[in-house]
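For reference, the structure discussed in these notes is given below.
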Amino acid sequence: MALLAAGALMIPAAAQIVEKPIPGDPVAIDTGAVSGMVLPSGVKAYFGVPFAAPPVRENRWREPQPVKAWKGVYHADRKMPECIQVLRAHNINHYFGEEATSEDCLYLNVWAPATATPAPKLPVIVFIYGGGSTIGSSGMAIYGGEGVAKRGAIFVNFNYRLGALGFLAHPEMTAESVHHQSGNYAYLDQVAALQWIQRNIAKFGGDPAKVVISGQSAGAGSVSLLQNSPLAKGLFRGVIAMSGGAWGSGGQMGDLASAEKTGLQVQEALKVKSLDEMRQIPADRILALQEDCQLGCAGSIRIGGGNVDGYFMPKTPAQIFAAHEQNDVPAIVGFTHDESTNALRTAKNLEEYKAAARQLFGADADTFLKLYPATNDAEAHAMGSAAAREGAIEASQRKWAIAQAKNGKAPVYVFMYSRVHPYIPGVVIADQNTATIGAYHTSDVPYWFGSQDALNIIRPTRNWTAYDRDLSAKMTDALIAFAKTGNPNTPAVEWPAWSSQKEQLVEFGDKVAIQPMNAARLDFISSRNVGGRGPAGGRGASGPPRARD
């Protein structure tokens, strides 16, 4: 029996039964002995290991506290609750079964190859989930690490606090903090998890000098901030950002005083007089106050993002890079082909495309139409999609590459994922139109981690082909190479570094190929700030809701 209360992730019951313990367990980590289980594939798994004390009662809205050492053996045989959040509808793309949800949620999962021992010093890939900073979980099947471990690396993911419980700032919280900061608790959770990895990963066969951190969407935003935080210095050798990051807002970030005003709004809405009383409120009442824009905004207060607190984030990312104070490590940054949208992408024909161009660009519409020419409806659709992507997510990731190349010595590599999932004909998914969704936001994740079968757990939705499996293997191997050496090149994937003199990326699609980036178009459209609605920001005309992380 685990020493800490566990809420089992409700996926097929067989996955929760420890049929085969790991020979040689328990593992002695810094807080006690831990045992895991051997998965049917032979991969070793350790689920639900605490990396910080439960952030409850007096620890609510405090930086993560150390785990108390235990006696006996901690059986790490099940995933622990996700950090409290709204639950998922059962007919959406990313529904993998119910997860328990709780404030007591600071746990991590480790997957190791079957042959892993402390001797090999294997590379380590860490993943930080997305979800708009209000939802998400390390327990989601699509974020599992079994596929990565099967290919020879250690994989770690973990939970971090979300929404109001992860990001709320307040004058009283600032006053009681020895660092004179508040908010950013989610990011401090992430630092605590990375510190745990440095202290303990060698016991599972990993090399603490070969750790890379990856994240998708809001998780990519976390990765970009960790690259800038002095608290994270020395905790990783490289960063991987999938569809997001601080550069979607030009490397800017809100200030502590503004974040504290939101905290006072929350206190007023809760109808309490002090921080102590706020800590006594049940978490579900706090959750009910905040907007959940992943589901279509229902609530009154938007909470989910960090601030320049002088501790985790001493200055804005743009200022930190300009001062050459970032963690100067190699970076992989990229995006998916169809995750951004605006009136240009949603235009139904050539006439609507040109009308949207005039509306968005005014006197510069003719220049736009020369850069994105279209003479028929099909060309208008292709150019509209390109303009939406290039003006939003592609532009933001390029800004990151520019900052990396200008202000540091470490290389940066850029990717675009364009493979459309092979859906089962006729399948209906509530938050997707499978005929038009394309390479949607998050669609690359199961390829990076070899977790494609997760999308068929509850009901069949994809007919994965041999090519999809091969593409996934190539992408996973590139990540492992990056963790090993700081360079993602493999015998199967040529991946040149990006430079301002030769802007190019690797496209993972129906084939793997090096593609040039259109600097003239990117310079034009990103300077007009009309890129569209996408995970990295942009203020163009809004489009239909995108697939949920």
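As shown in the structure tokens, the chain order sets the letters A, B, ...; within each chain, residues go from 1, and ligands are also counted from 1 in the order they appear.
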- Task: Report as a PyMOL selection string: the residues of region 97-159 of chain A with a DSSP assignment of helix (DSSP H, G or I), based on the backbone of this structure.
- Result: chain A and resi 141-143+146-150
- List every residue of region 32-183 of chain A that DSSP, applied to the backbone of this structure, assigns to strand (DSSP E), and report them as a ChimeraX atom specification. /A:32-35,37-38,44-50,73-75,82-83,101-102,107-112,122-128,154-158
- Residue with smallest distance to Gln504 (chain A) - pool A:Gln190, A:Gln216, A:Thr262, A:Asn518, counting only C-alpha atoms: A:Asn518
- Taking only C-alpha atoms into account, which of A:Met140, A:Gln85, A:Asn407, A:Val412 comes nearest Asp284 (chain A)? A:Gln85
- Query: Nearest to Asp255 (chain A) among A:Gly97, A:Gly42, A:Gly310, A:Pro411, with distances taken over only C-alpha atoms: which residue is it?
  - Reply: A:Gly310
- For the atom pair CA of Glu172 (chain A) and CA of Ser222 (chain A), what is the interatomic distance in Å to one decimal place? 25.2 Å
- Write out as a VMD selection string each polymer residue whose atoms come within 10 Å of Lys474 (chain A), counting only C-alpha atoms; drop sequence neighbours fewer than 5 positions from it. chain A and resid 447 to 448 450 468 to 469 479 to 480 490 to 493 508 512
- Skip region 522-524 of chain A itself and residues of its chain fewer than 2 positions away, then list as a VMD selection string all residues within 9 Å of it, counting only C-alpha atoms. chain A and resid 367 to 368 371 387 390 to 391 394 to 395 398 517 to 520 526 to 528
Counting only C-alpha atoms, give me one row per residue of region 240-290 of chain A with an atom at most 8 Å from an atom of region 165-168 of chain A, showing the shortest contact pair and its distance in Å to one decimal, sorted by chain then residue number, as JSON lines.
{"residue": "A:Ala259", "atom": "CA", "partner": "A:Leu168", "partner_atom": "CA", "distance": 7.2}
{"residue": "A:Glu260", "atom": "CA", "partner": "A:Leu168", "partner_atom": "CA", "distance": 7.6}
{"residue": "A:Thr262", "atom": "CA", "partner": "A:Leu168", "partner_atom": "CA", "distance": 7.5}
{"residue": "A:Gly263", "atom": "CA", "partner": "A:Leu168", "partner_atom": "CA", "distance": 5.8}
Please produce a file of the residues just selected, as an mmCIF file, in the first residue's frame, where the atoms kept are N, CA and C atoms.
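And here's selection-v3.cif as it stands now:
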data_model
loop_
_atom_site.group_PDB
_atom_site.id
_atom_site.type_symbol
_atom_site.label_atom_id
_atom_site.label_comp_id
_atom_site.auth_asym_id
_atom_site.auth_seq_id
_atom_site.Cartn_x
_atom_site.Cartn_y
_atom_site.Cartn_z
ATOM 1 N N ALA A 259 -0.954 41.339 -11.051
ATOM 2 C CA ALA A 259 -1.392 40.001 -10.634
ATOM 3 C C ALA A 259 -2.019 40.051 -9.242
ATOM 4 N N GLU A 260 -1.468 40.882 -8.355
ATOM 5 C CA GLU A 260 -2.028 41.012 -7.011
ATOM 6 C C GLU A 260 -3.444 41.592 -7.043
ATOM 7 N N THR A 262 -5.682 40.989 -9.268
ATOM 8 C CA THR A 262 -6.561 39.852 -9.547
ATOM 9 C C THR A 262 -6.795 39.042 -8.284
ATOM 10 N N GLY A 263 -5.759 38.877 -7.485
ATOM 11 C CA GLY A 263 -5.906 38.162 -6.217
ATOM 12 C C GLY A 263 -6.905 38.835 -5.295
#
